>>> print(open('entry.txt').read())   # compact mmCIF, C-alpha atoms
# COMPACT_ATOMS: atom_id res chain seq x y z
CA MET Z 1 -14.62 -9.36 16.19
CA ASP Z 2 -16.66 -12.37 15.00
CA PRO Z 3 -18.15 -12.66 11.44
CA THR Z 4 -21.65 -11.65 12.60
CA GLN Z 5 -20.35 -8.46 14.18
CA GLN Z 6 -18.31 -7.70 11.05
CA ALA Z 7 -21.37 -8.13 8.81
CA MET Z 8 -23.51 -5.89 11.04
CA ARG Z 9 -20.77 -3.31 11.09
CA ARG Z 10 -20.50 -3.19 7.30
CA GLN Z 11 -24.29 -2.72 7.02
CA LEU Z 12 -24.02 0.16 9.49
CA LEU Z 13 -21.21 1.72 7.48
CA LEU Z 14 -23.25 1.70 4.28
CA ALA Z 15 -26.13 3.43 6.05
CA LEU Z 16 -23.93 6.04 7.69
CA THR Z 17 -21.90 6.90 4.60
CA GLY Z 18 -24.87 8.53 2.89
CA LEU Z 19 -25.64 10.67 5.96
CA LEU Z 20 -22.22 12.07 6.68
CA PRO Z 21 -21.13 15.51 5.47
CA VAL Z 22 -18.74 16.30 2.68
CA ALA Z 23 -15.08 15.42 3.31
CA CYS Z 24 -12.98 17.81 5.35
CA ALA Z 25 -10.14 18.08 2.82
CA MET Z 26 -9.72 18.10 -0.94
CA PRO Z 27 -8.01 15.23 -2.80
CA VAL Z 28 -4.71 15.77 -4.58
CA ARG Z 29 -4.38 14.85 -8.26
CA GLN Z 30 -1.98 12.07 -9.17
CA PRO Z 31 0.88 12.79 -11.58
CA ALA Z 32 0.71 11.03 -14.94
CA GLY Z 33 3.55 10.23 -17.33
CA GLU Z 34 3.75 9.35 -21.03
CA ALA Z 35 2.28 5.90 -21.80
CA LEU Z 36 4.86 3.43 -23.17
CA ALA Z 37 4.94 -0.14 -24.45
CA PRO Z 38 5.67 -2.69 -21.68
CA PRO Z 39 9.27 -3.91 -21.41
CA GLN Z 40 9.93 -7.60 -22.06
CA ARG Z 41 11.12 -8.54 -18.58
CA ALA Z 42 9.92 -9.98 -15.29
CA VAL Z 43 10.42 -8.40 -11.86
CA ARG Z 44 14.01 -8.87 -10.69
CA ALA Z 45 14.33 -11.86 -8.36
CA ALA Z 46 15.04 -11.08 -4.71
CA ALA Z 47 18.57 -11.70 -3.40
CA ILE Z 48 20.19 -11.07 -0.03
CA GLY Z 49 21.84 -7.66 0.07
CA GLN Z 50 19.57 -5.91 -2.42
CA ARG Z 51 18.87 -2.46 -1.06
CA TRP Z 52 16.57 0.48 -1.83
CA GLU Z 53 16.73 3.94 -0.27
CA TYR Z 54 13.64 6.18 -0.15
CA ARG Z 55 12.64 9.61 0.98
CA VAL Z 56 9.10 10.16 2.27
CA VAL Z 57 7.22 13.32 1.33
CA ASN Z 58 4.01 14.71 2.81
CA VAL Z 59 1.93 15.18 -0.36
CA TYR Z 60 -0.27 17.85 1.26
CA ASN Z 61 2.62 20.31 1.79
CA GLY Z 62 5.54 18.81 -0.17
CA LEU Z 63 7.81 18.55 2.87
CA THR Z 64 10.19 15.61 3.38
CA VAL Z 65 9.19 13.85 6.60
CA ASP Z 66 11.40 10.74 6.65
CA GLN Z 67 14.11 8.79 4.87
CA PHE Z 68 14.91 5.10 5.15
CA ALA Z 69 16.59 2.11 3.52
CA GLU Z 70 15.10 -1.34 2.90
CA THR Z 71 17.39 -4.36 2.56
CA VAL Z 72 16.71 -7.99 1.64
CA VAL Z 73 17.90 -10.03 4.64
CA ALA Z 74 16.48 -13.44 3.63
CA ALA Z 75 15.66 -14.85 0.19
CA ASP Z 76 14.62 -18.50 0.35
CA ALA Z 77 11.07 -19.83 0.87
CA GLN Z 78 10.31 -16.44 2.39
CA VAL Z 79 11.78 -13.11 1.34
CA ARG Z 80 12.31 -10.70 4.23
CA ILE Z 81 12.91 -6.98 3.71
CA ARG Z 82 14.11 -5.00 6.72
CA ARG Z 83 13.80 -1.24 7.14
CA SER Z 84 16.53 0.89 8.75
CA GLY Z 85 17.34 4.56 9.17
CA SER Z 86 13.74 5.68 9.65
CA SER Z 87 12.72 8.22 12.28
CA ALA Z 88 9.54 6.16 12.88
CA PRO Z 89 9.43 3.38 15.51
CA PRO Z 90 10.93 0.02 14.40
CA GLN Z 91 8.62 -2.06 12.20
CA PRO Z 92 8.44 -5.82 11.55
CA ASP Z 93 10.07 -7.16 8.41
CA GLU Z 94 8.13 -7.03 5.18
CA ILE Z 95 7.57 -10.70 4.28
CA HIS Z 96 6.90 -12.17 0.84
CA SER Z 97 5.88 -15.83 0.65
CA PRO Z 98 6.90 -16.40 -2.12
CA TRP Z 99 8.49 -13.34 -3.75
CA GLY Z 100 5.81 -10.97 -5.00
CA MET Z 101 3.17 -12.23 -2.54
CA ILE Z 102 2.90 -10.14 0.63
CA ALA Z 103 2.35 -12.02 3.89
CA CYS Z 104 3.33 -9.19 6.29
CA ASP Z 105 2.99 -5.57 5.22
CA PRO Z 106 4.50 -2.93 7.56
CA HIS Z 107 3.73 -0.15 5.08
CA TRP Z 108 0.35 0.47 6.69
CA ASP Z 109 -0.29 1.84 10.18
CA PRO Z 110 -0.61 -0.41 12.09
CA PRO Z 111 1.46 -3.14 10.34
CA ILE Z 112 -0.63 -6.12 9.22
CA THR Z 113 -0.33 -9.79 8.28
CA PHE Z 114 -2.65 -11.55 5.83
CA THR Z 115 -4.24 -14.94 6.44
CA ARG Z 116 -3.28 -15.70 2.82
CA PRO Z 117 -0.55 -13.73 1.01
CA ILE Z 118 -1.75 -11.01 -1.35
CA PRO Z 119 0.01 -9.86 -4.56
CA ALA Z 120 2.47 -7.01 -4.06
CA TRP Z 121 2.11 -6.04 -7.73
CA PRO Z 122 0.09 -7.28 -10.75
CA GLN Z 123 0.98 -10.91 -11.32
CA ASP Z 124 0.87 -10.56 -15.12
CA LEU Z 125 2.71 -7.34 -15.96
CA ALA Z 126 1.55 -7.33 -19.58
CA SER Z 127 -2.14 -8.25 -19.36
CA GLY Z 128 -3.58 -5.08 -17.85
CA SER Z 129 -6.41 -7.06 -16.24
CA VAL Z 130 -8.07 -5.82 -13.04
CA GLN Z 131 -8.03 -8.22 -10.10
CA THR Z 132 -9.87 -8.18 -6.76
CA TYR Z 133 -8.48 -9.93 -3.69
CA ASP Z 134 -10.67 -10.62 -0.65
CA ARG Z 135 -8.74 -11.58 2.45
CA HIS Z 136 -8.71 -11.48 6.21
CA TYR Z 137 -5.85 -9.77 7.97
CA ARG Z 138 -4.58 -9.32 11.49
CA GLU Z 139 -2.85 -6.38 13.09
CA VAL Z 140 0.66 -7.46 14.10
CA ALA Z 141 0.09 -6.06 17.60
CA ASN Z 142 -3.32 -7.77 17.92
CA PRO Z 143 -3.10 -11.15 16.13
CA ASP Z 144 -6.17 -12.73 17.75
CA SER Z 145 -8.81 -10.77 15.82
CA PRO Z 146 -9.00 -11.41 12.05
CA LEU Z 147 -10.51 -8.51 10.10
CA TRP Z 148 -11.90 -8.12 6.59
CA TRP Z 149 -9.79 -6.68 3.71
CA SER Z 150 -10.78 -6.28 0.05
CA GLN Z 151 -8.29 -4.94 -2.50
CA ARG Z 152 -8.87 -4.06 -6.15
CA MET Z 153 -5.64 -3.86 -8.19
CA ARG Z 154 -5.81 -2.05 -11.53
CA PRO Z 155 -2.81 -1.77 -13.91
CA VAL Z 156 -2.94 1.61 -15.68
CA ALA Z 157 0.02 2.11 -18.04
CA TRP Z 158 3.75 1.76 -18.54
CA GLU Z 159 5.38 5.16 -18.12
CA GLU Z 160 8.77 6.79 -18.01
CA ILE Z 161 9.11 8.37 -14.59
CA SER Z 162 11.83 10.53 -13.03
CA VAL Z 163 12.80 10.19 -9.35
CA PRO Z 164 15.97 11.18 -7.46
CA ALA Z 165 17.54 7.77 -8.31
CA GLY Z 166 17.13 8.41 -12.06
CA ASN Z 167 14.73 7.80 -14.94
CA PHE Z 168 12.91 4.48 -15.16
CA ILE Z 169 10.30 2.63 -17.21
CA ALA Z 170 7.68 1.62 -14.65
CA LEU Z 171 4.22 0.08 -14.52
CA ARG Z 172 1.75 2.43 -12.87
CA TYR Z 173 -0.98 0.54 -11.05
CA GLU Z 174 -3.63 1.51 -8.52
CA ASN Z 175 -4.91 -0.22 -5.40
CA GLN Z 176 -8.34 0.54 -3.98
CA ILE Z 177 -8.84 -1.01 -0.55
CA SER Z 178 -11.85 -1.37 1.76
CA PHE Z 179 -11.35 -2.90 5.18
CA ASP Z 180 -12.63 -3.29 8.72
CA SER Z 181 -10.48 -1.45 11.25
CA GLY Z 182 -9.55 -2.85 14.64
CA ASP Z 183 -10.61 0.54 16.03
CA PHE Z 184 -14.40 0.34 16.43
CA TYR Z 185 -14.71 4.12 16.03
CA ARG Z 186 -13.22 4.05 12.53
CA LEU Z 187 -16.11 3.45 10.11
CA ALA Z 188 -16.01 2.86 6.33
CA SER Z 189 -12.22 2.58 6.31
CA ALA Z 190 -10.70 2.86 2.84
CA ARG Z 191 -7.26 3.30 1.36
CA ASP Z 192 -5.97 3.99 -2.10
CA GLU Z 193 -2.54 4.17 -3.57
CA THR Z 194 -0.75 4.65 -6.86
CA VAL Z 195 2.45 2.67 -7.37
CA TRP Z 196 5.13 2.83 -10.05
CA LEU Z 197 6.85 -0.58 -10.21
CA CYS Z 198 10.12 -0.93 -12.11
CA PRO Z 199 10.93 -4.59 -12.94
CA GLN Z 200 14.64 -3.76 -13.36
CA VAL Z 201 14.80 -2.33 -9.83
CA GLY Z 202 12.68 -5.15 -8.35
CA ARG Z 203 10.54 -2.70 -6.40
CA TRP Z 204 8.59 0.50 -6.74
CA VAL Z 205 10.41 3.71 -7.64
CA LYS Z 206 7.48 5.86 -6.49
CA ARG Z 207 4.50 5.09 -4.28
CA ARG Z 208 1.67 7.36 -3.11
CA SER Z 209 -0.78 6.18 -0.47
CA ARG Z 210 -3.49 7.62 1.73
CA GLY Z 211 -6.53 6.49 3.72
CA THR Z 212 -9.89 7.76 4.89
CA TYR Z 213 -12.49 6.79 7.47
CA PHE Z 214 -15.59 8.23 9.12
CA LEU Z 215 -16.24 9.09 12.74
CA PRO Z 216 -19.64 7.82 13.93
CA GLY Z 217 -22.48 9.87 15.34
CA PRO Z 218 -24.18 13.18 14.48
CA GLY Z 219 -21.83 15.67 12.89
CA GLY Z 220 -19.35 12.93 12.00
CA CYS Z 221 -16.65 13.89 9.57
CA GLU Z 222 -14.52 12.08 7.02
CA MET Z 223 -11.04 11.79 8.50
CA PHE Z 224 -7.78 11.46 6.60
CA GLU Z 225 -4.68 9.41 7.25
CA ASP Z 226 -1.29 10.78 6.21
CA TYR Z 227 -0.87 11.22 2.46
CA ARG Z 228 2.63 9.92 1.83
CA GLN Z 229 4.84 9.63 -1.22
CA GLU Z 230 7.94 7.45 -1.29
CA ASP Z 231 10.59 8.35 -3.92
CA LEU Z 232 13.53 6.09 -4.72
CA MET Z 233 16.85 7.79 -3.90
CA ALA Z 234 19.28 4.93 -4.65
CA TRP Z 235 19.30 1.17 -5.20
CA GLN Z 236 21.61 -1.78 -5.63
>>> encode(input="entry.txt", output="structure tokens")
Amino acid sequence: MDPTQQAMRRQLLLALTGLLPVACAMPVRQPAGEALAPPQRAVRAAAIGQRWEYRVVNVYNGLTVDQFAETVVAADAQVRIRRSGSSAPPQPDEIHSPWGMIACDPHWDPPITFTRPIPAWPQDLASGSVQTYDRHYREVANPDSPLWWSQRMRPVAWEEISVPAGNFIALRYENQISFDSGDFYRLASARDETVWLCPQVGRWVKRRSRGTYFLPGPGGCEMFEDYRQEDLMAWQ
């Protein structure tokens, strides 16, 4: 899709959003912990062999739908994190270039690569400043068509949080994302997530993410992607 088509599409989305009916499902409230002072540490550096195990829960009904492990398999100019043990189809490696800057993100469906890496977490853990990142991305399976992506990252608070792997001090931050989808029939695509990043662990200990979009035409409805929560089970 060329830039002119993308601009026309965004104008269409703005017009349609006000005409579409109320969403077809109710949002779920995010859990909140006790606010704490930030720890005096940076995010643990990546090293080959580091490993995190997660379970995936459907937030709508509380059922566990998957479990997987992620392992650092390369840690030089690029950091590569490979997923194993999942019931989902194989995904490309998560790529940081450098550590903390996402170049390939298989977390989303479909997996995507950015034309310029985007922060995986707030770059200054102590400042609390809100940052917006405008990028173009490509779907891994369709690399010839760059698409628009805008992400607003807002640090919220340091909290003590309990997950199956234990109790951790983590930075809770929120991502609000607007983007053009490669599927022309997905209008006003948006995603939001809440992430609890633990610097000691070098990764998130909990992550909740979901997405919405509109179907075009009369009687269109707001549609919902899966609402998933990843909880840390173990790490090394």
>>> residues_near_point(input="entry.txt", point="(-3.8, 3.1, -4.9)", cutoff="6 Å", atoms="all atoms listed in the file", output="MDAnalysis selection string")
chainID Z and resid 174:176 192:194
>>> atom_distance(input="entry.txt", atom1="atom CA of Z:Ser162", atom2="atom CA of Z:Trp204")
12.3 Å
>>> residues_around(input="entry.txt", residues="stretch 182-185 of chain Z", least_positions_apart="3", cutoff="10 Å", atoms="only C-alpha atoms", output="PDB file with C-alpha atoms, in the coordinates of the input")
ATOM      1  CA  MET Z   1     -14.620  -9.360  16.190  1.00  0.00           C
ATOM      2  CA  ARG Z   9     -20.770  -3.310  11.090  1.00  0.00           C
ATOM      3  CA  PRO Z 110      -0.610  -0.410  12.090  1.00  0.00           C
ATOM      4  CA  ARG Z 138      -4.580  -9.320  11.490  1.00  0.00           C
ATOM      5  CA  GLU Z 139      -2.850  -6.380  13.090  1.00  0.00           C
ATOM      6  CA  ASN Z 142      -3.320  -7.770  17.920  1.00  0.00           C
ATOM      7  CA  SER Z 145      -8.810 -10.770  15.820  1.00  0.00           C
ATOM      8  CA  PRO Z 146      -9.000 -11.410  12.050  1.00  0.00           C
ATOM      9  CA  LEU Z 147     -10.510  -8.510  10.100  1.00  0.00           C
ATOM     10  CA  TRP Z 148     -11.900  -8.120   6.590  1.00  0.00           C
ATOM     11  CA  PHE Z 179     -11.350  -2.900   5.180  1.00  0.00           C
ATOM     12  CA  ALA Z 188     -16.010   2.860   6.330  1.00  0.00           C
ATOM     13  CA  TYR Z 213     -12.490   6.790   7.470  1.00  0.00           C
ATOM     14  CA  PHE Z 214     -15.590   8.230   9.120  1.00  0.00           C
ATOM     15  CA  LEU Z 215     -16.240   9.090  12.740  1.00  0.00           C
ATOM     16  CA  PRO Z 216     -19.640   7.820  13.930  1.00  0.00           C
ATOM     17  CA  GLY Z 217     -22.480   9.870  15.340  1.00  0.00           C
TER      18      GLY Z 217
END
>>> closest_residue(input="entry.txt", among="Z:Pro117, Z:Pro111, Z:Gly49, Z:Pro89", to="Z:Gln236", atoms="only C-alpha atoms")
Z:Gly49
>>> atom_distance(input="entry.txt", atom1="atom CA of Z:Trp235", atom2="atom CA of Z:Val201")
7.3 Å
>>> atom_distance(input="entry.txt", atom1="atom CA of Z:Thr212", atom2="atom CA of Z:Arg191")
6.3 Å
>>> closest_residue(input="entry.txt", among="Z:Trp196, Z:Phe68, Z:Trp99, Z:Tyr60", to="Z:Ser87", atoms="all atoms listed in the file")
Z:Phe68
>>> closest_residue(input="entry.txt", among="Z:Ala74, Z:Ile112, Z:Met153, Z:Met223", to="Z:Gln131", atoms="only C-alpha atoms")
Z:Met153
>>> closest_residue(input="entry.txt", among="Z:Pro38, Z:Cys104, Z:Ile161, Z:Glu94", to="Z:Gly128", atoms="only C-alpha atoms")
Z:Pro38
>>> closest_atom_pairs(input="entry.txt", of="stretch 58-99 of chain Z", to="stretch 118-125 of chain Z", cutoff="10 Å", atoms="all atoms listed in the file", output="CSV")
residue,atom,partner,partner_atom,distance
Z:His96,CA,Z:Ala120,CA,8.4
Z:Ser97,CA,Z:Ile118,CA,9.2
Z:Pro98,CA,Z:Pro119,CA,9.8
Z:Trp99,CA,Z:Ala120,CA,8.7
>>> residues_near_point(input="entry.txt", point="(12.0, 9.3, -6.1)", cutoff="10 Å", atoms="all atoms listed in the file", output="list in words")
Glu53, Tyr54, Arg55, Val56, Val57, Ile161, Ser162, Val163, Pro164, Ala165, Gly166, Asn167, Trp204, Val205, Lys206, Arg207, Gln229, Glu230, Asp231, Leu232, Met233 and Ala234 of chain Z
>>> residues_around(input="entry.txt", residues="Z:Trp158", least_positions_apart="6", cutoff="7 Å", atoms="only C-alpha atoms", output="list in words")
Ala35, Leu36, Ala37, Pro38, Ile169, Ala170, Leu171 and Arg172 of chain Z
>>> residues_around(input="entry.txt", residues="Z:Ala190", least_positions_apart="4", cutoff="6 Å", atoms="all atoms listed in the file", output="list in words")
Ile177, Ser178, Gly211 and Thr212 of chain Z
>>> closest_residue(input="entry.txt", among="Z:Val195, Z:Arg51, Z:Leu187, Z:Tyr227", to="Z:Arg154", atoms="only C-alpha atoms")
Z:Val195
>>> closest_residue(input="entry.txt", among="Z:Pro143, Z:Phe114, Z:Gly202, Z:Arg186", to="Z:Ala47", atoms="only C-alpha atoms")
Z:Gly202
>>> residues_around(input="entry.txt", residues="Z:Thr71", least_positions_apart="3", cutoff="9 Å", atoms="all atoms listed in the file", output="list in words")
Ile48, Gly49, Gln50, Arg51, Trp52, Glu53, Arg80, Ile81, Arg82, Arg83 and Ser84 of chain Z
>>> residues_around(input="entry.txt", residues="Z:Gln200", least_positions_apart="2", cutoff="10 Å", atoms="only C-alpha atoms", output="JSON, numbers by chain")
{"Z": [39, 41, 42, 43, 44, 45, 168, 169, 170, 197, 198, 202, 203, 204]}
>>> build_atoms(input="entry.txt", residues="stretch 61-86 of chain Z", atoms="N, CA and C atoms", output="PDB file, in the coordinates of the input")
ATOM      1  N   ASN Z  61       1.815  19.081   1.752  1.00  0.00           N
ATOM      2  CA  ASN Z  61       2.620  20.310   1.790  1.00  0.00           C
ATOM      3  C   ASN Z  61       3.963  20.184   1.103  1.00  0.00           C
ATOM      4  N   GLY Z  62       4.296  18.985   0.575  1.00  0.00           N
ATOM      5  CA  GLY Z  62       5.540  18.810  -0.170  1.00  0.00           C
ATOM      6  C   GLY Z  62       6.782  18.690   0.678  1.00  0.00           C
ATOM      7  N   LEU Z  63       6.648  18.605   1.997  1.00  0.00           N
ATOM      8  CA  LEU Z  63       7.810  18.550   2.870  1.00  0.00           C
ATOM      9  C   LEU Z  63       8.290  17.104   3.044  1.00  0.00           C
ATOM     10  N   THR Z  64       9.611  16.914   3.083  1.00  0.00           N
ATOM     11  CA  THR Z  64      10.190  15.610   3.380  1.00  0.00           C
ATOM     12  C   THR Z  64      10.044  15.319   4.865  1.00  0.00           C
ATOM     13  N   VAL Z  65       9.466  14.172   5.208  1.00  0.00           N
ATOM     14  CA  VAL Z  65       9.190  13.850   6.600  1.00  0.00           C
ATOM     15  C   VAL Z  65       9.989  12.647   7.096  1.00  0.00           C
ATOM     16  N   ASP Z  66      10.638  11.912   6.204  1.00  0.00           N
ATOM     17  CA  ASP Z  66      11.400  10.740   6.650  1.00  0.00           C
ATOM     18  C   ASP Z  66      12.297  10.281   5.506  1.00  0.00           C
ATOM     19  N   GLN Z  67      13.247   9.444   5.855  1.00  0.00           N
ATOM     20  CA  GLN Z  67      14.110   8.790   4.870  1.00  0.00           C
ATOM     21  C   GLN Z  67      14.536   7.454   5.465  1.00  0.00           C
ATOM     22  N   PHE Z  68      14.576   6.416   4.642  1.00  0.00           N
ATOM     23  CA  PHE Z  68      14.910   5.100   5.150  1.00  0.00           C
ATOM     24  C   PHE Z  68      15.491   4.243   4.041  1.00  0.00           C
ATOM     25  N   ALA Z  69      16.082   3.120   4.454  1.00  0.00           N
ATOM     26  CA  ALA Z  69      16.590   2.110   3.520  1.00  0.00           C
ATOM     27  C   ALA Z  69      15.895   0.797   3.808  1.00  0.00           C
ATOM     28  N   GLU Z  70      15.679  -0.004   2.773  1.00  0.00           N
ATOM     29  CA  GLU Z  70      15.100  -1.340   2.900  1.00  0.00           C
ATOM     30  C   GLU Z  70      16.063  -2.335   2.257  1.00  0.00           C
ATOM     31  N   THR Z  71      16.370  -3.402   2.989  1.00  0.00           N
ATOM     32  CA  THR Z  71      17.390  -4.360   2.560  1.00  0.00           C
ATOM     33  C   THR Z  71      16.833  -5.770   2.641  1.00  0.00           C
ATOM     34  N   VAL Z  72      17.096  -6.585   1.618  1.00  0.00           N
ATOM     35  CA  VAL Z  72      16.710  -7.990   1.640  1.00  0.00           C
ATOM     36  C   VAL Z  72      17.653  -8.732   2.585  1.00  0.00           C
ATOM     37  N   VAL Z  73      17.091  -9.324   3.651  1.00  0.00           N
ATOM     38  CA  VAL Z  73      17.900 -10.030   4.640  1.00  0.00           C
ATOM     39  C   VAL Z  73      17.690 -11.544   4.579  1.00  0.00           C
ATOM     40  N   ALA Z  74      16.705 -12.004   3.828  1.00  0.00           N
ATOM     41  CA  ALA Z  74      16.480 -13.440   3.630  1.00  0.00           C
ATOM     42  C   ALA Z  74      15.810 -13.607   2.272  1.00  0.00           C
ATOM     43  N   ALA Z  75      16.196 -14.642   1.540  1.00  0.00           N
ATOM     44  CA  ALA Z  75      15.660 -14.850   0.190  1.00  0.00           C
ATOM     45  C   ALA Z  75      15.623 -16.338  -0.119  1.00  0.00           C
ATOM     46  N   ASP Z  76      14.807 -17.081   0.643  1.00  0.00           N
ATOM     47  CA  ASP Z  76      14.620 -18.500   0.350  1.00  0.00           C
ATOM     48  C   ASP Z  76      13.128 -18.750   0.177  1.00  0.00           C
ATOM     49  N   ALA Z  77      12.521 -19.616   0.984  1.00  0.00           N
ATOM     50  CA  ALA Z  77      11.070 -19.830   0.870  1.00  0.00           C
ATOM     51  C   ALA Z  77      10.319 -18.546   1.170  1.00  0.00           C
ATOM     52  N   GLN Z  78      10.835 -17.770   2.096  1.00  0.00           N
ATOM     53  CA  GLN Z  78      10.310 -16.440   2.390  1.00  0.00           C
ATOM     54  C   GLN Z  78      11.363 -15.396   2.042  1.00  0.00           C
ATOM     55  N   VAL Z  79      10.904 -14.253   1.543  1.00  0.00           N
ATOM     56  CA  VAL Z  79      11.780 -13.110   1.340  1.00  0.00           C
ATOM     57  C   VAL Z  79      11.463 -12.099   2.436  1.00  0.00           C
ATOM     58  N   ARG Z  80      12.495 -11.680   3.159  1.00  0.00           N
ATOM     59  CA  ARG Z  80      12.310 -10.700   4.230  1.00  0.00           C
ATOM     60  C   ARG Z  80      13.056  -9.420   3.873  1.00  0.00           C
ATOM     61  N   ILE Z  81      12.342  -8.293   4.003  1.00  0.00           N
ATOM     62  CA  ILE Z  81      12.910  -6.980   3.710  1.00  0.00           C
ATOM     63  C   ILE Z  81      12.853  -6.159   4.991  1.00  0.00           C
ATOM     64  N   ARG Z  82      14.006  -5.682   5.429  1.00  0.00           N
ATOM     65  CA  ARG Z  82      14.110  -5.000   6.720  1.00  0.00           C
ATOM     66  C   ARG Z  82      14.384  -3.513   6.507  1.00  0.00           C
ATOM     67  N   ARG Z  83      13.660  -2.687   7.239  1.00  0.00           N
ATOM     68  CA  ARG Z  83      13.800  -1.240   7.140  1.00  0.00           C
ATOM     69  C   ARG Z  83      14.789  -0.735   8.187  1.00  0.00           C
ATOM     70  N   SER Z  84      15.581   0.264   7.816  1.00  0.00           N
ATOM     71  CA  SER Z  84      16.530   0.890   8.750  1.00  0.00           C
ATOM     72  C   SER Z  84      16.620   2.377   8.418  1.00  0.00           C
ATOM     73  N   GLY Z  85      17.090   3.143   9.391  1.00  0.00           N
ATOM     74  CA  GLY Z  85      17.340   4.560   9.170  1.00  0.00           C
ATOM     75  C   GLY Z  85      16.123   5.445   9.256  1.00  0.00           C
ATOM     76  N   SER Z  86      14.958   4.884   9.581  1.00  0.00           N
ATOM     77  CA  SER Z  86      13.740   5.680   9.650  1.00  0.00           C
ATOM     78  C   SER Z  86      13.632   6.370  11.006  1.00  0.00           C
TER      79      SER Z  86
END
